[in-house]
Structures are given as C-alpha cells and as structure tokens.
Amino acid sequence: MTSRKTVLVLGGSSDIGRAAARAFAKAGYDVGLAGRDVAALEPDASDLRARYSVDVGVYRFDVLDTASFESFVGSLPALPDVVISIVGLLGTQDSAQSDLAHATTIMRSNYEGPSLILGLFAEKFLGRGNGTIVGVSSVAGDRGRASNYVYGSAKAGFSAFLSGLRARASRGGVHVVTVKPGFVRTKMTEGMKLIGPLTVEAPVVGDAILSAVEKKTDVVYVSGKWRLVMLIIKTLPEAVFKKLKF
Amino acid sequence: MTLVSGWGRFPVVDTDLLRPRSFEAVGGAVADVTGSVARGNGRAYGDAAIGAARTVAMTGFDRVRSFDPATGRLRLEAGVLLADLIDTFGPRGFLPFVVPGTRFVSVGGAIAADVHGKNHHCEGGFGRYVDSIQLATGEGEIIEVSREQNSDAFFATVGGMGLTGVILEATMRLRPIETGWIRERVISASDLDAAMRALDAGDTATYSVAWIDCAARGRSLGRSLIYLGEHANKDELADGADAFPVGKNPGLSVPIDLPSMTLNRYSIRAFNELYYRMGARRAGGSHVVSLYPYFFPLDSIADWNRIYGKRGFLQHQCVIPEAGARDLLGDILDRVARRGDASFLAVLKKLGQGDGLLSFPLPGYTLALDFPVKGDILDFLDEIDRLVVAAGGRLYLAKDARQSRATFEAGYPALRRFNAIRKSLDPNGNIRSKLSQRLFDEV
C-alpha cells in the first residue's frame, strides 16, 4: 500500500471520467476506475500507469444495479479519499416523452443511481470523518426546458440531493462538490449542435474537478459564462419562458 | 458532411468526418468506402489530412500504452499530441528526439509527414526514433510494420502522408534530458552569405535555425538571426529554477479573421525590421531559455493562422541541395522582397538525409515562406517551383496545397516504388486523400 491519496471515478470510461482520472493521477493520486465494462477500462488504466507511475485499479459498477451498491463499496480494497460520479445518460427527449421505459432509464441513470451511490459513500466518509464527494450534474438541471426536461429534471433532482448532502456532511468533515459542466465536446454530445464559445473540451472539466476538490469549492460552473447564461434562464418569467422552444 | 481545411485554411473541403471509437471501427471506416484518409490534429497546411470522400479523425486515440523509463521506449496511440508527451514526460526527464515548429501535432501526423526539427542536420527526422507502427490498411486489416518486419511498408509509412493506411499505434524512443531548458546562442548575420556561413558553422550544434528578414533587399538581402541551441544541464540553471519549465497554454489568441489588408508591405517591413533589431541586440553571448519559446515560438499565439484573413494562406517550403543553394536562395529571396507580401515567417534551416521513401529532407537548405492567398500568388509560386526543381529540390507535402504533379514527380524520384508498395497494401485504392488525388492517384 502506498500513502498516496486515492480517487475513485464512477463512469471512468466516459470522456470526462478519463479526463478527471488523468488530472488526479497527474497530481499524484492513485486511481480507481469503475464502469459497466471492465475490459473497456483497462486501456485507460494502462495509460495512467504509463504516464504517471501511479497505482490504478478497475472495478465493475453498474449505476442501474442499485441492489449491488452495498457490496460494491464493501468490495473496494480501501475506502477512497475522493469519489467522483460522472455517470449519466442524455437519452432522447423525443422518445422519453412517450416511451416510459426510456424515461425511467434516464431518470434512474442521472438521479437515482448517482444519488444513492454517493449517499452511501457519504455515510462511510462521515464515519471516517473525512472525504470528498463530487457529483457531475448539469446546467440542464437549473431549469426544465422544452427540449430536454426528462434529463434536466433528473439532473435537478441530483443537484438538489448534492446540495442537501453538502449541508449535512460539511458538519462531519466531508465536502461535497456539484459540477455543472455546460457543453463539453464528448461522445455524449457528438453530433449535437454546440455553441462554440460555451463549449469546453473534456480535459478542462477534469482540471476543474481537481481544482474544486483541492479548494473545497461547493458548486462549479466549468465555464463562468454558463453561470450568467443560467442566471438569465432561471430568472425569465414563466410566461416568457414557456414560449421558448430551446 | 463537414467543412474541413488544413492549418492554412486553403482549400476548404466538404467531407464525411468520422470519429471512430475503436481500431476495428477505424478499419471498417476505411474498408467500406473508396477515398478515406486519417486526420490528426489538422496541422498539415493544405489538403493532406482531408479524405477524398471520408476523413477519419484520430485525436480520440490518445492513450499511452506503456513506458519504460530505463530505455525511454514508449508505446502509444497515434492521436497523442506531442504537447501532451512533452507535458507528461518532460517533468520525468524525457522529450521527443524531434519536434517540429508546433507541439500541437499528433504522433500519427508526425510519422506520416516524417516531420523535422531544428536538429535534422545531425539527428534526422521524427521517423528515425520510431521503431514500429501499427497500421489499418485500406482493406481494414491491422498489421505491424517495422525496420525488420514489413520493412517496405515501414519506410513507405514514414513520410507517406497517411497513404499506406491509418497509423493506429507506434513504438518510439524518447530522449533522456537533464532539464527542460535550452542554452541558446543568437548570431546576427548581415546578409545571406553570412547567414549560410553561420548555419554551416552551426553544423556541430544540436539545434540550429535561421530567421530571415524577407523584406530586406540589396546589400542586406538575406540578413538573418541564427539561433543555435543545446540542452542545458542542471548546473546551468539559475538558482531556484525548476528543472522543467511550466508549459503555458497560449496566452494570446487571434479571435477573428483579420481583414486581409492587415498584412501589407509596410506592416511586414516594419515587423521584420523590429524583429531583426530586437534579436540583434541579444546576439553574441549565450543564455538559457525554456524549451517552449525556443522550439515553439508561434504556439504562444492561438489561431495565428487567422491573421491572414478568411481566404487563408499558403506556406511554401522547399529544400535545395547544397550545390547551387546559395544562388537560388538569393534569387528566391530577391523575388520575394520585390513582391513585398511575404510574411514574418521566413525560416532557413539545414537538413540531412531523409529516412522514409517520401520523406521531405535531403542534404541541403530548406526555406519556408508564408503568403496570403490573393492576387497572382499561385503563378508566382509556380515560377519558384520551376527554379527549385531545376536545382534538384522539392517541396514539403505537409505544407503543400498547390504544387503541380510535374513539380512533385520531379522532386520525389522514389514515387514509383512508393506507389507499388501502396498498391500491395491497398489493392482497391481505398486510402485516398485530397492531396493524393491531386498528386499521386491515377486519373
């Protein structure tokens, strides 16, 4: 065992997950990568080992399999110092409007699963008296919009969960970070029309997460422009807002 | 379909831009259509990294597979940028042996163009430090090529502009370094003869390059600043300096296309005059500088290609064999100075023998010039090409967007051999770029 700090990344094969893992490994953390497909995590684990000479473990984790969460946490070789959930599913708003199964998957992937697993880690961290929890939520959760309210409402629930958890856990030495990345060029957003000046690359999000953990920031809008954009969107009167199609 | 161009932003081409997520998907993407080529970070200036029909984006493949600090041997995916390698392995005491003038190129692109640096005269090009390459052929088959195994395909792939297949992975060697600093010596040369003498005297320096004031005429024609460099040892650093400097992201950027009149003969002459005078003041002694400004002076300005306006620009880079180089360089510089629209990027370097079949370098002098796309520039460059070919020289494919087939065929005598190897790897001709359509492929 080394005396280095450890970070566990849930959703480790996503572009933001890979970027976050690199940022923490570069800063000297040992890394755990967790995801549904362990084989897909191996190349990234080798990448981190070769680049930064850190210890990297890979673990199977399925955010929809909530029944396995207790045993997942129990099976880890050690409780990490930092846990980051990047798990999420954008889904398709059009299908989610009529396909209840699809809507359920979006809600469970973005709200139920991430909240439950981070809540579980929070209990362990509080028992130990320290630790940092990072939830990657979304600006889409700041106000439900016509074009993505199924996803947005799940992210809103996740943001609210993190907010409450932060208030409670801060008294027990555990810090909770909410990250709202805005547009990021990733596999998830491939093919979407992204607005250039509001779009960042995944490594920028990875660095922002590391910085938020080190500085104990509460809520991070990766690009400051998004804080302004969402402030405007949130303050529009409902009578005006409901006429907008975006 | 997506509009894509090279760094020169000329030409702009509509292409089917794919971003496969696995090597199998790369193989499938090239095998099921006629006319694909790989694209790295898009720093080739012209049409080299744009497919005839489909363009396969490779920057998502950015993983390091393994690294052995005992030997400096590295296995990595082709989409890793040299900037990433320098930032990751520099602090651990390793750098690429060869870096071009920008660090924002992918390893796959660096192999495909067999890029050279300021040390080509003594240490060769990027391909010399590549031991093996994994390739997806036009048939979608994944093969490994090296100096020992499939050596014909290896030497066709180094400098082969991506036309032997998609470079997926490579094994390469890194240079052990004590620090990330360079001991630089600046020499001011009042004319072309002095500049060439200084470069010749710099043959023993690891790094050497000359920046030429291409607005100077008459007796000052070819006046230059020559930058020689050596890797600095720890005991040469100022007290308290980190052994490896911090690489900053570009601090300045060019956010919009500047109007094409921004660069005119007056602004260019003023810039060159100022640059020469500032540099000449530093000439004489030696001092220690960070590797970043030494190797990558233009990387500190993001999107500098936009200063040429939205019609884009052409970089003309030729190499001229040693014999006859003096007269021809003088002739070209004189023609450029008379036109008045060459830009601040005029660089003169010495090159050694290239390694790949189509590698650009040959023993002699290479001159790189930038021109905005306007007026009679294409005719002017055709005239320069005729002089270069007559002197036994050639043009750099990674910079090219406009040379003729005749110029290309005259400059690259190994072309027939290359085409035969290409045909054996890709009998149906699935790998085709805009550049290969323009210069290589049967019509």
# chains A, B, ... in the order shown; residues from 1 in each chain; ligands from 1
call {"tool": "select_by_dssp", "arguments": {"residues": "segment 48-205 of chain A", "states": "helix (DSSP H, G or I)", "output": "tab-separated table (two decimals) with C-alpha atoms, in the first residue's frame"}}
result
chain	number	residue	atom	x	y	z
A	48	LEU	CA	-2.49	6.29	-16.29
A	49	ARG	CA	0.15	3.84	-15.05
A	50	ALA	CA	2.48	4.56	-18.00
A	51	ARG	CA	2.09	8.33	-17.78
A	52	TYR	CA	2.19	8.97	-14.06
A	66	THR	CA	-28.70	-0.34	-7.06
A	67	ALA	CA	-29.03	-3.66	-5.23
A	68	SER	CA	-25.28	-4.22	-5.78
A	69	PHE	CA	-24.16	-0.88	-4.33
A	70	GLU	CA	-23.54	-2.08	-0.76
A	71	SER	CA	-21.38	-4.98	-1.92
A	72	PHE	CA	-19.61	-2.76	-4.49
A	73	VAL	CA	-18.50	-0.34	-1.77
A	74	GLY	CA	-17.61	-3.23	0.54
A	75	SER	CA	-15.50	-4.94	-2.11
A	93	GLN	CA	-36.14	13.66	-25.21
A	94	ASP	CA	-38.48	12.78	-28.09
A	95	SER	CA	-38.59	9.09	-27.19
A	96	ALA	CA	-38.68	9.78	-23.46
A	100	LEU	CA	-41.84	5.25	-20.26
A	101	ALA	CA	-39.06	2.66	-20.10
A	102	HIS	CA	-36.63	5.07	-21.76
A	103	ALA	CA	-37.72	7.94	-19.49
A	104	THR	CA	-37.25	5.68	-16.47
A	105	THR	CA	-33.73	4.74	-17.56
A	106	ILE	CA	-32.83	8.43	-17.97
A	107	MET	CA	-34.22	9.29	-14.54
A	108	ARG	CA	-32.55	6.35	-12.82
A	109	SER	CA	-29.18	6.89	-14.57
A	110	ASN	CA	-29.00	10.59	-13.76
A	111	TYR	CA	-30.77	10.82	-10.41
A	112	GLU	CA	-31.49	7.61	-8.55
A	113	GLY	CA	-28.25	5.71	-9.13
A	114	PRO	CA	-25.75	8.56	-8.71
A	115	SER	CA	-27.57	9.89	-5.63
A	116	LEU	CA	-27.78	6.52	-3.91
A	117	ILE	CA	-24.15	5.55	-4.51
A	118	LEU	CA	-22.79	8.94	-3.44
A	119	GLY	CA	-25.10	8.89	-0.42
A	120	LEU	CA	-23.64	5.53	0.53
A	121	PHE	CA	-20.07	6.80	0.22
A	122	ALA	CA	-21.06	9.87	2.26
A	123	GLU	CA	-22.10	7.63	5.17
A	124	LYS	CA	-18.75	5.82	5.05
A	125	PHE	CA	-16.83	9.10	4.76
A	126	LEU	CA	-18.77	10.59	7.70
A	127	GLY	CA	-17.93	7.50	9.73
A	128	ARG	CA	-14.27	8.06	8.94
A	139	VAL	CA	-26.74	23.15	-16.17
A	140	ALA	CA	-29.77	21.38	-17.67
A	141	GLY	CA	-30.94	20.83	-14.08
A	149	TYR	CA	-36.76	18.22	-19.41
A	150	VAL	CA	-36.67	14.49	-18.72
A	151	TYR	CA	-32.86	14.58	-18.48
A	152	GLY	CA	-32.97	18.06	-16.91
A	153	SER	CA	-35.41	17.10	-14.16
A	154	ALA	CA	-33.28	14.10	-13.18
A	155	LYS	CA	-30.20	16.33	-13.03
A	156	ALA	CA	-32.23	18.87	-11.00
A	157	GLY	CA	-33.02	16.11	-8.51
A	158	PHE	CA	-29.35	15.12	-8.38
A	159	SER	CA	-28.27	18.74	-7.84
A	160	ALA	CA	-30.80	19.09	-5.00
A	161	PHE	CA	-29.58	15.84	-3.43
A	162	LEU	CA	-25.95	17.04	-3.56
A	163	SER	CA	-26.93	20.41	-2.11
A	164	GLY	CA	-28.67	18.83	0.88
A	165	LEU	CA	-25.90	16.28	1.35
A	166	ARG	CA	-23.32	19.07	1.37
A	167	ALA	CA	-25.18	20.97	4.08
A	168	ARG	CA	-25.40	17.89	6.24
A	169	ALA	CA	-21.97	16.39	5.58
A	170	SER	CA	-19.95	19.58	5.96
A	171	ARG	CA	-20.52	19.36	9.72
A	172	GLY	CA	-18.89	15.93	9.69
A	196	GLY	CA	-18.62	27.29	-29.69
A	197	PRO	CA	-17.90	29.94	-27.03
A	198	LEU	CA	-19.93	27.99	-24.44
A	202	ALA	CA	-13.14	17.30	-21.52
A	203	PRO	CA	-9.64	17.97	-20.03
A	204	VAL	CA	-10.85	21.42	-18.93
A	205	VAL	CA	-13.59	19.72	-16.90
call {"tool": "closest_atom_pairs", "arguments": {"of": "chain A", "to": "chain B", "cutoff": "12 Å", "atoms": "only C-alpha atoms", "output": "tab-separated table"}}
result
residue	atom	partner	partner_atom	distance
A:Ser13	CA	B:Arg21	CA	11.7
A:Ser14	CA	B:Arg21	CA	11.8
A:Asp15	CA	B:Gly60	CA	9.3
A:Arg18	CA	B:Arg63	CA	10.2
A:Ala19	CA	B:Asp62	CA	11.1
A:Arg22	CA	B:Thr88	CA	10.4
A:Ala23	CA	B:Thr88	CA	11.1
A:Ala25	CA	B:Thr88	CA	11.0
A:Lys26	CA	B:Thr88	CA	8.2
A:Ala27	CA	B:Thr88	CA	11.4
A:Ala40	CA	B:Ser22	CA	10.4
A:Leu41	CA	B:Arg63	CA	11.7
A:Glu42	CA	B:Arg65	CA	10.2
A:Pro43	CA	B:Arg65	CA	7.1
A:Asp44	CA	B:Arg63	CA	6.8
A:Ala45	CA	B:Arg65	CA	9.3
A:Ser46	CA	B:Arg65	CA	5.9
A:Asp47	CA	B:Val64	CA	4.6
A:Leu48	CA	B:Val64	CA	7.8
A:Arg49	CA	B:Ser66	CA	7.9
A:Ala50	CA	B:Ser66	CA	5.0
A:Arg51	CA	B:Thr88	CA	6.4
A:Tyr52	CA	B:Thr88	CA	7.7
A:Ser53	CA	B:Phe67	CA	9.5
A:Arg185	CA	B:Gly60	CA	11.1
A:Thr186	CA	B:Gly60	CA	9.6
A:Lys187	CA	B:Arg21	CA	9.0
A:Glu190	CA	B:Arg19	CA	9.1
A:Gly191	CA	B:Arg19	CA	10.5
A:Pro197	CA	B:Pro255	CA	10.8
A:Glu201	CA	B:Gly60	CA	11.7
A:Ala202	CA	B:Gly60	CA	11.2
A:Pro203	CA	B:Asp84	CA	11.5
A:Val204	CA	B:Asn249	CA	11.9
call {"tool": "write_last_selection", "arguments": {"atoms": "C-alpha atoms", "output": "mmCIF file, in the first residue's frame"}}
result
data_model
loop_
_atom_site.group_PDB
_atom_site.id
_atom_site.type_symbol
_atom_site.label_atom_id
_atom_site.label_comp_id
_atom_site.auth_asym_id
_atom_site.auth_seq_id
_atom_site.Cartn_x
_atom_site.Cartn_y
_atom_site.Cartn_z
ATOM 1 C CA SER A 13 -14.589 5.293 -19.389
ATOM 2 C CA SER A 14 -16.540 8.457 -20.224
ATOM 3 C CA ASP A 15 -14.544 11.303 -21.733
ATOM 4 C CA ARG A 18 -10.925 9.802 -18.317
ATOM 5 C CA ALA A 19 -10.009 13.480 -18.112
ATOM 6 C CA ARG A 22 -5.728 11.938 -15.685
ATOM 7 C CA ALA A 23 -5.911 15.213 -13.748
ATOM 8 C CA ALA A 25 -3.187 10.907 -11.410
ATOM 9 C CA LYS A 26 -1.013 13.780 -12.623
ATOM 10 C CA ALA A 27 -1.474 15.374 -9.201
ATOM 11 C CA ALA A 40 -13.027 -1.100 -21.709
ATOM 12 C CA LEU A 41 -11.413 0.474 -18.636
ATOM 13 C CA GLU A 42 -8.135 -1.454 -18.962
ATOM 14 C CA PRO A 43 -6.565 0.706 -21.728
ATOM 15 C CA ASP A 44 -7.209 3.806 -19.647
ATOM 16 C CA ALA A 45 -5.747 2.138 -16.563
ATOM 17 C CA SER A 46 -2.564 1.292 -18.523
ATOM 18 C CA ASP A 47 -2.452 4.867 -19.821
ATOM 19 C CA LEU A 48 -2.490 6.290 -16.285
ATOM 20 C CA ARG A 49 0.152 3.841 -15.053
ATOM 21 C CA ALA A 50 2.479 4.563 -18.002
ATOM 22 C CA ARG A 51 2.087 8.325 -17.777
ATOM 23 C CA TYR A 52 2.194 8.968 -14.063
ATOM 24 C CA SER A 53 3.553 5.806 -12.336
ATOM 25 C CA ARG A 185 -17.212 18.013 -26.599
ATOM 26 C CA THR A 186 -17.576 14.305 -25.732
ATOM 27 C CA LYS A 187 -19.007 11.039 -27.013
ATOM 28 C CA GLU A 190 -21.263 14.015 -30.556
ATOM 29 C CA GLY A 191 -23.488 15.158 -33.398
ATOM 30 C CA PRO A 197 -17.903 29.945 -27.034
ATOM 31 C CA GLU A 201 -13.017 20.146 -24.045
ATOM 32 C CA ALA A 202 -13.139 17.297 -21.516
ATOM 33 C CA PRO A 203 -9.641 17.973 -20.032
ATOM 34 C CA VAL A 204 -10.848 21.422 -18.934
#
call {"tool": "closest_residue", "arguments": {"among": "A:Val220, A:Val38, A:Val9, A:Val87", "to": "Val176 of chain A", "atoms": "only C-alpha atoms"}}
result
A:Val220
call {"tool": "select_by_dssp", "arguments": {"residues": "segment 192-371 of chain B", "states": "strand (DSSP E)", "output": "PyMOL selection string"}}
result
chain B and resi 207-212+224-231+252-253+286-290+301-302+313-321+347-351+364-371
call {"tool": "write_last_selection", "arguments": {"atoms": "C-alpha atoms", "output": "CSV table (one decimal), in the first residue's frame"}}
result
chain,number,residue,atom,x,y,z
B,207,TYR,CA,19.8,22.7,-32.9
B,208,SER,CA,20.2,25.4,-35.4
B,209,VAL,CA,17.7,27.6,-37.4
B,210,ALA,CA,17.8,31.0,-39.1
B,211,TRP,CA,15.0,33.5,-39.2
B,212,ILE,CA,15.3,35.7,-42.3
B,224,SER,CA,19.2,36.8,-40.5
B,225,LEU,CA,19.2,35.9,-36.9
B,226,ILE,CA,20.6,32.4,-36.3
B,227,TYR,CA,19.5,30.5,-33.2
B,228,LEU,CA,21.8,27.7,-32.0
B,229,GLY,CA,20.7,25.5,-29.1
B,230,GLU,CA,21.9,22.8,-26.8
B,231,HIS,CA,20.1,21.0,-23.9
B,252,LEU,CA,-2.7,35.4,-26.8
B,253,SER,CA,-5.2,34.4,-29.4
B,286,SER,CA,24.6,32.6,-24.8
B,287,HIS,CA,21.7,32.4,-22.4
B,288,VAL,CA,19.3,29.7,-21.1
B,289,VAL,CA,15.7,29.8,-22.3
B,290,SER,CA,12.6,27.5,-21.8
B,301,ILE,CA,-0.5,32.8,-30.1
B,302,ALA,CA,-3.5,30.5,-30.5
B,313,PHE,CA,-2.6,31.4,-46.7
B,314,LEU,CA,0.0,29.2,-48.4
B,315,GLN,CA,3.2,28.1,-46.9
B,316,HIS,CA,5.9,27.4,-49.5
B,317,GLN,CA,8.6,25.2,-48.1
B,318,CYS,CA,11.3,23.9,-50.4
B,319,VAL,CA,14.6,22.1,-49.9
B,320,ILE,CA,17.5,22.9,-52.2
B,321,PRO,CA,20.6,20.6,-52.5
B,347,VAL,CA,12.8,30.3,-41.9
B,348,LEU,CA,16.1,28.8,-43.3
B,349,LYS,CA,17.4,25.5,-42.0
B,350,LYS,CA,19.9,22.9,-43.0
B,351,LEU,CA,18.6,19.3,-43.5
B,364,GLY,CA,20.8,21.0,-48.3
B,365,TYR,CA,18.9,24.1,-47.2
B,366,THR,CA,15.2,24.4,-46.6
B,367,LEU,CA,13.4,27.7,-46.9
B,368,ALA,CA,9.9,28.3,-45.6
B,369,LEU,CA,7.8,31.3,-46.6
B,370,ASP,CA,4.2,32.3,-45.9
B,371,PHE,CA,1.9,34.1,-48.4
